[in-house]
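Asks: Here's a structure for you.
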Amino acid sequence: MSEEVEKAKSHIEELRQAINFHNYRYYVLDSPAISDADYDALMRELRRLEEAYPQFITPDSPTQRVGAAPLEEFGTVEHPRPLLSLSNAFEYSELEAWHRRATNLLESAYFDMVCELKIDGLAVALTYENGRLVRGATRGDGSRGEDVTRNLRTIRSIPLAVPKEAPPLFEVRGEVYLSKGAFQKINEERERDGLALYVNPRNTAAGSVRQLDPKMTASRPLDIFIYSLGYAEGKPMPNTHWETMELLKSLGFKINPQNSLCRNLQEVEDYQRVWLEKKEALEYETDGVVVKINSLDFQDRLGYVGREPRWAVAYKWPAHQAVTRLVDIGINVGRTGSMNPYAILEPVFVGGVTIKMATLHNEEDIRRKDIRIGDWVIVQRAGEVIPQVVSPVAARRTGAERPFVVPDRCPQCGTSVVRPEGEVMARCPNSSCPAQVFELLKHFTSKGAMDIEGAGPAFCQAVLEAGLIRDAADIFSLTKEKLLTLERMGEKSAQNILQAIEGSKSRPLANVIFALGIRHVGYETAMLLANQFQGIEPLAKATLEELTAVPTIGPKVAESVLIYFRQQDNLRVIHKLREAGVRLEAEAPVRREALPLSGKTFIVTGTLDSMSRSQAESKIKALGGIVGSSVTRKTDYLVVGRDPGSKLAKARELGTQLLDEQALLKLLDSEVVL
């Protein structure tokens with residue numbers, strides 16, 4: 001593997017770690033550490049690198065998913081159809097590029113589009129069955145959300161019942177928000193009561209929906225705009241998004257009256273320009289315009305790429321900018337010892353949020369921009385959230401400003417800093433550095449690694465500060481008695497975490513290798529190593545020649561693996577994992593192509609008598625089948641239950657093979673290869 005490819009791979013891993021942390025702060029804690037703009041910049045950079053190096057895309061990449069895990073306090077809801085996110089366009093040229101890609105894929109020079117204001121709130125899914133609201137859930141990670149039905153029932157603009165003309169089973173999706181006036185009133189009341197003020201309407205709305213006591217939610221004047229139909233069964237539905245929204249409006253759902261049907265890209269640009277000028281007069285916060293291709297057939301044909309639909313894009317408002325003083329440049333120490341600089345700013349209000357810190361890329365980037373400590377700097381929030389230092393205001397310099405220099409010693413442990421040849425980042429070489437231990441523990445417990453639910457950053461910090469563990473493997477030595485010594489740790493929370501820790505012992509070998517935090521070893525490389533060596537012991541004993549013989553693994557990664565297993569501290573961690581019962585050997589690999597339904601695409605529609613639709617889909621996937629959401633020319637089989645709706649007509653039109661419930665059961669039971 002070339003040095004350029006290795007560098008890209010390392011950068012991809014660093015970006016994923018940063019994005020996962022900010023996902024947690026934004027979606028789980030409702031307390032973002034950076035603005036939407038910087039977050040969008042991180043995602044765009046990661047997406048660009050993954051497009052350039054698709055061999056490094058992994059299932060746990062932030063680009064393959066939305067958001068973060070649900071909170072523990074609420075029940076979990078499996079979304080029958082994923083709630084996906086949108087790609088972003090910040091300039092007209094990017095909007096044109098999106099339109100051009102869609103045109104080429106559709107082989108069509110014309111399609112109309114629907115423009116909708118992008119409400120800055122909390123995305124939810126509402127399910128109605130036989131005319132009644134039966135479930136309300138947050139987006140969560142896109143596949144699973146939090147069950148907040150009781151809270152959403154308190155929002156008066158959400159109908160609890162719909163007319164009999166509605167489909168017998170359907171889901172709508174919308175954005176819960178708090179008006180500017182209501183937000184101001186709440187803060188005025190809090191100020192009178194001597195309480196801390198809320199930062200912005202979006203976080204306040206999200207926090208209100210996610211209260212354990214519905215009375216607290218009911219006390220907040222929350223509202224909602226419905227922006228799409230998730231799915232519907234039992235009745236034919238319109239063929240366009242615009243007509244679908246009109247139907248939902250007739251059923252009593254609140255649809256934004258500013259939605260507009262546009263015939264071409266110029267009309268989209270005109271819509272964006274008008275509302276950019278008028279957005280401050282709106283009673284709710286927005287962060288751009290959502291542009292959707294109107295034809296649902298075109299949407300089906302375009303499908304999705306990663307976590308995003310190809311048929312929609314978020315056309316974001318331009319960045320907000322302000323000028324403030326750069327007080328200092330701090331250093332965060334990463335899990336591999338990287339010295340990551342960040343800007344400490346005089347607080348400045350930018351686009352509705354007070355900015356105190358901004359991420360800086362690296363020492364080289366600081367030099368390129370000639371940013372100095374004490375400078376007046378331009379700070380911006382592109383996409384309405386994440387802050388970044390754009391440039392210094394050189395004309396305001398007094399001569400007292402100081403160039404930034406990476407410290408000679410680690411600010412956390414005092415160890416002398418090293419700068420490996422050919423690398424941009426300076427590093428702390430002390431693997432026992434408290435900052436590195438914390439970052440490694442966060443990585444070890446994270447999704448894609450050991451995936452220990454409930455063991456997030458706050459938990460990791462607490463157990464380290466309390467001296468309950470000294471390295472990642474010590475997490476398996478925790479007991480209920482030890483956990484209960486932590487502040488704000490109750491019996492139930494302790495039990496849940498211990499169950500999650502116990503469950504993590506059976507994670508696949510690739511997850512364990514990835515969790516170890518070996519430098520340059522991402523999830524894909526961990527899978528390659530697991531498949532090649534089938535166990536930690538053979539991997540630990542592998543020679544440089546054996547490691548480089550693994551496809552796509554070069555000398556740099558191989559040397560990093562060798563160094564890891566030569567260190568006694570790391571070998572002690574492996575020993576502890578083995579003693580704790582963590583699985584350190586690979587399961588016998590199952591060739592997906594050998595599964596009976598491999599390569600076949602199924603759609604399930606209507607109501608089944610013997611199982612739920614999600615159970616049927618899970619069984620199909622377990623046998624190698626692919627489950628889709630819409631009938632297209634690529635669909636092999638449509639499984640038809642009672643009241644199948646419009647999918648049946650579409651399948652007949654395309655000549656798709658139909659299976660009734662008995663035929664499906666026979667197929668699943670016999671496991672006959674198709």
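Residues are named by chain letter and number: chains run A, B, ... in the order of the structure tokens, numbers start at 1 in each chain, and ligands are numbered from 1 in the order shown.
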Counting only C-alpha atoms, what is within 7 Å of range 499-505 of chain A, bar same-chain residues fewer than 6 positions away, as a list in words?

Replies: Met450, Asp451, Ile452, Glu453, Phe476, Gly581, Val582 and Arg583 of chain A

Asks: Give me the residues near Gly230 in chain A as a ChimeraX atom specification, where near means some atom within 8 Å (using only C-alpha atoms) and where sequence neighbours in that chain fewer than 4 positions away do not count.

Replies: /A:81,125,170-173

Asks: Hey, which bits of range 223-303 of chain A sit within 6 Å of range 105-114 of chain A, and for each residue what's the closest pair of atoms and how far apart in Å (one decimal), counting only C-alpha atoms, rows by chain and increasing number, as a Markdown table?

Replies:
```
| residue | atom | partner | partner_atom | distance |
| --- | --- | --- | --- | --- |
| A:Ser260 | CA | A:Val114 | CA | 5.7 |
| A:Leu261 | CA | A:Val114 | CA | 4.6 |
| A:Cys262 | CA | A:Met113 | CA | 5.2 |
| A:Arg263 | CA | A:Asp112 | CA | 4.5 |
| A:Val291 | CA | A:Val114 | CA | 5.8 |
| A:Lys292 | CA | A:Val114 | CA | 5.2 |
| A:Ile293 | CA | A:Met113 | CA | 4.4 |
| A:Asn294 | CA | A:Met113 | CA | 4.8 |
```

Asks: Could you please determine the separation between CA of Asn187 in chain A and CA of Asn203 in chain A in Å, to one decimal place?

Replies: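 Computed distance, CA of Asn187 in chain A to CA of Asn203 in chain A, equals 12.9 Å.
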
Asks: Which residue is closest to Leu46 in chain A? Choose from A:Thr354, A:Ser228, A:Thr154, A:Ser10 and count only C-alpha atoms.

Replies: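 Among the listed residues, the smallest separation from Leu46 in chain A belongs to A:Ser10.
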
Asks: May I have the residues within 12 Å of Val627 in chain A as an NGL selection string, using only C-alpha atoms and disregarding those fewer than 3 positions away in the same chain?

Replies: :A and (80-81 or 597-605 or 613-624 or 630-631 or 634-639)

Asks: Got a sec: who's within 8 Å of Tyr53 in chain A, counting only C-alpha atoms, leaving out chain neighbours fewer than 3 positions off, as number ranges by chain?

Replies: A: 5, 8, 49-50, 56-57

Asks: Hey, what's within 7 Å of Ile331 in chain A if we count only C-alpha atoms and toss same-chain stuff fewer than 4 positions away? As a short mmCIF file (atom, residue, chain, number, x, y, z; two decimals) with C-alpha atoms, in the first residue's frame, please?

Replies:
```cif
data_model
loop_
_atom_site.label_atom_id
_atom_site.label_comp_id
_atom_site.auth_asym_id
_atom_site.auth_seq_id
_atom_site.Cartn_x
_atom_site.Cartn_y
_atom_site.Cartn_z
CA MET A 339 -1.33 16.42 19.41
CA ASN A 340 -4.51 18.01 18.04
CA PRO A 341 -4.67 21.83 18.27
CA TYR A 342 -7.92 23.75 18.86
#
```

Asks: Please extract the residues of range 117-162 of chain A with a backbone DSSP assignment of strand (DSSP E) and present them as a ChimeraX atom specification.

Replies: /A:117-119,122-129,132-138,144-146

Asks: Of the residues A:Ala580, A:Cys428, A:Val268, A:Leu595, which is the one nearest to Ile626 in chain A, using only C-alpha atoms?

Replies: A:Leu595

Asks: Do a neighbour search on Ser391 in chain A at 6 Å with only C-alpha atoms, toss out local chain neighbours closer than 2 positions, and write the hits as a list of chain:residue names.

Replies: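 Answer for this query is A:Val377, A:Ile378, A:Val389.
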
Asks: Which polymer residues have any atom within 9 Å of an atom of Asp120 in chain A, counting only C-alpha atoms, with same-chain residues fewer than 3 positions away left out, as a short mmCIF file (atom, residue, chain, number, x, y, z; two decimals) with C-alpha atoms, in the first residue's frame?

Replies:
```cif
data_model
loop_
_atom_site.label_atom_id
_atom_site.label_comp_id
_atom_site.auth_asym_id
_atom_site.auth_seq_id
_atom_site.Cartn_x
_atom_site.Cartn_y
_atom_site.Cartn_z
CA GLU A 175 -39.79 17.98 12.39
CA VAL A 176 -40.75 19.00 15.91
CA TYR A 177 -39.74 22.57 16.64
CA PRO A 201 -34.71 26.63 20.02
CA ARG A 202 -33.47 23.40 18.41
CA TYR A 284 -39.14 29.26 13.44
CA GLU A 285 -35.45 28.60 12.85
CA THR A 286 -34.33 27.25 9.46
CA ASP A 287 -30.92 26.22 8.16
CA GLY A 288 -31.60 25.99 4.44
#
```

Asks: Give me, as JSON, numbers by chain, the residues of range 48-187 of chain A that a backbone DSSP run labels alpha helix (DSSP H).

Replies: {"A": [48, 49, 50, 51, 52, 92, 93, 94, 95, 96, 97, 98, 99, 100, 101, 102, 103, 104, 105, 106, 149, 150, 151, 152, 180, 181, 182, 183, 184, 185, 186, 187]}

Asks: Keeping only N, CA and C atoms, take the residues you just selected and write them out as an mmCIF file, in the first residue's frame.

Replies:
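Once everything was written out, this is part.cif:
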```
data_model
loop_
_atom_site.group_PDB
_atom_site.id
_atom_site.type_symbol
_atom_site.label_atom_id
_atom_site.label_comp_id
_atom_site.auth_asym_id
_atom_site.auth_seq_id
_atom_site.Cartn_x
_atom_site.Cartn_y
_atom_site.Cartn_z
ATOM 1 N N ARG A 48 -15.566 12.660 0.913
ATOM 2 C CA ARG A 48 -14.659 12.810 -0.225
ATOM 3 C C ARG A 48 -13.581 11.718 -0.217
ATOM 4 N N LEU A 49 -13.010 11.468 0.956
ATOM 5 C CA LEU A 49 -11.965 10.454 1.052
ATOM 6 C C LEU A 49 -12.518 9.056 0.799
ATOM 7 N N GLU A 50 -13.716 8.760 1.313
ATOM 8 C CA GLU A 50 -14.296 7.429 1.099
ATOM 9 C C GLU A 50 -14.680 7.213 -0.362
ATOM 10 N N GLU A 51 -15.059 8.298 -1.045
ATOM 11 C CA GLU A 51 -15.329 8.168 -2.475
ATOM 12 C C GLU A 51 -14.041 7.908 -3.246
ATOM 13 N N ALA A 52 -12.951 8.529 -2.789
ATOM 14 C CA ALA A 52 -11.662 8.328 -3.455
ATOM 15 C C ALA A 52 -11.042 6.972 -3.118
ATOM 16 N N TYR A 92 -24.352 27.235 -5.249
ATOM 17 C CA TYR A 92 -25.196 26.886 -6.397
ATOM 18 C C TYR A 92 -24.514 25.839 -7.278
ATOM 19 N N SER A 93 -23.186 25.918 -7.392
ATOM 20 C CA SER A 93 -22.465 24.946 -8.217
ATOM 21 C C SER A 93 -22.641 23.530 -7.673
ATOM 22 N N GLU A 94 -22.717 23.384 -6.327
ATOM 23 C CA GLU A 94 -22.926 22.063 -5.728
ATOM 24 C C GLU A 94 -24.354 21.583 -5.967
ATOM 25 N N LEU A 95 -25.307 22.520 -5.957
ATOM 26 C CA LEU A 95 -26.693 22.160 -6.289
ATOM 27 C C LEU A 95 -26.771 21.697 -7.741
ATOM 28 N N GLU A 96 -26.089 22.405 -8.628
ATOM 29 C CA GLU A 96 -26.062 22.014 -10.043
ATOM 30 C C GLU A 96 -25.456 20.621 -10.209
ATOM 31 N N ALA A 97 -24.399 20.346 -9.461
ATOM 32 C CA ALA A 97 -23.745 19.032 -9.567
ATOM 33 C C ALA A 97 -24.699 17.927 -9.130
ATOM 34 N N TRP A 98 -25.456 18.162 -8.030
ATOM 35 C CA TRP A 98 -26.450 17.178 -7.587
ATOM 36 C C TRP A 98 -27.502 16.953 -8.672
ATOM 37 N N HIS A 99 -27.989 18.041 -9.261
ATOM 38 C CA HIS A 99 -29.020 17.955 -10.300
ATOM 39 C C HIS A 99 -28.481 17.205 -11.520
ATOM 40 N N ARG A 100 -27.241 17.474 -11.880
ATOM 41 C CA ARG A 100 -26.630 16.826 -13.044
ATOM 42 C C ARG A 100 -26.469 15.321 -12.819
ATOM 43 N N ARG A 101 -26.062 14.927 -11.604
ATOM 44 C CA ARG A 101 -25.927 13.494 -11.307
ATOM 45 C C ARG A 101 -27.275 12.790 -11.418
ATOM 46 N N ALA A 102 -28.310 13.408 -10.861
ATOM 47 C CA ALA A 102 -29.646 12.805 -10.919
ATOM 48 C C ALA A 102 -30.123 12.702 -12.365
ATOM 49 N N THR A 103 -29.874 13.753 -13.160
ATOM 50 C CA THR A 103 -30.280 13.754 -14.569
ATOM 51 C C THR A 103 -29.601 12.621 -15.330
ATOM 52 N N ASN A 104 -28.317 12.442 -15.088
ATOM 53 C CA ASN A 104 -27.578 11.385 -15.786
ATOM 54 C C ASN A 104 -28.068 9.995 -15.390
ATOM 55 N N LEU A 105 -28.332 9.792 -14.100
ATOM 56 C CA LEU A 105 -28.802 8.485 -13.643
ATOM 57 C C LEU A 105 -30.195 8.170 -14.160
ATOM 58 N N LEU A 106 -31.030 9.198 -14.280
ATOM 59 C CA LEU A 106 -32.407 8.991 -14.755
ATOM 60 C C LEU A 106 -32.492 8.972 -16.276
ATOM 61 N N THR A 149 -43.677 8.202 22.314
ATOM 62 C CA THR A 149 -45.089 8.315 21.955
ATOM 63 C C THR A 149 -45.852 9.183 22.942
ATOM 64 N N ARG A 150 -45.673 8.924 24.243
ATOM 65 C CA ARG A 150 -46.437 9.676 25.248
ATOM 66 C C ARG A 150 -46.144 11.168 25.164
ATOM 67 N N ASN A 151 -44.900 11.518 24.892
ATOM 68 C CA ASN A 151 -44.536 12.926 24.804
ATOM 69 C C ASN A 151 -45.090 13.582 23.545
ATOM 70 N N LEU A 152 -44.997 12.868 22.419
ATOM 71 C CA LEU A 152 -45.480 13.447 21.169
ATOM 72 C C LEU A 152 -47.000 13.622 21.180
ATOM 73 N N LYS A 180 -39.670 30.832 17.676
ATOM 74 C CA LYS A 180 -38.765 31.828 18.262
ATOM 75 C C LYS A 180 -39.427 32.543 19.437
ATOM 76 N N GLY A 181 -40.722 32.871 19.267
ATOM 77 C CA GLY A 181 -41.441 33.561 20.334
ATOM 78 C C GLY A 181 -41.559 32.720 21.585
ATOM 79 N N ALA A 182 -41.876 31.426 21.396
ATOM 80 C CA ALA A 182 -42.004 30.527 22.541
ATOM 81 C C ALA A 182 -40.662 30.345 23.239
ATOM 82 N N PHE A 183 -39.589 30.243 22.450
ATOM 83 C CA PHE A 183 -38.246 30.102 23.016
ATOM 84 C C PHE A 183 -37.882 31.326 23.855
ATOM 85 N N GLN A 184 -38.176 32.507 23.327
ATOM 86 C CA GLN A 184 -37.871 33.738 24.055
ATOM 87 C C GLN A 184 -38.652 33.811 25.366
ATOM 88 N N LYS A 185 -39.920 33.407 25.316
ATOM 89 C CA LYS A 185 -40.758 33.433 26.520
ATOM 90 C C LYS A 185 -40.218 32.477 27.582
ATOM 91 N N ILE A 186 -39.809 31.285 27.176
ATOM 92 C CA ILE A 186 -39.251 30.306 28.124
ATOM 93 C C ILE A 186 -38.004 30.870 28.791
ATOM 94 N N ASN A 187 -37.132 31.491 27.995
ATOM 95 C CA ASN A 187 -35.905 32.044 28.562
ATOM 96 C C ASN A 187 -36.186 33.224 29.493
#
```

Asks: Distance CA of Met489 in chain A-CA of Leu468 in chain A, one decimal place?

Replies: 13.8 Å
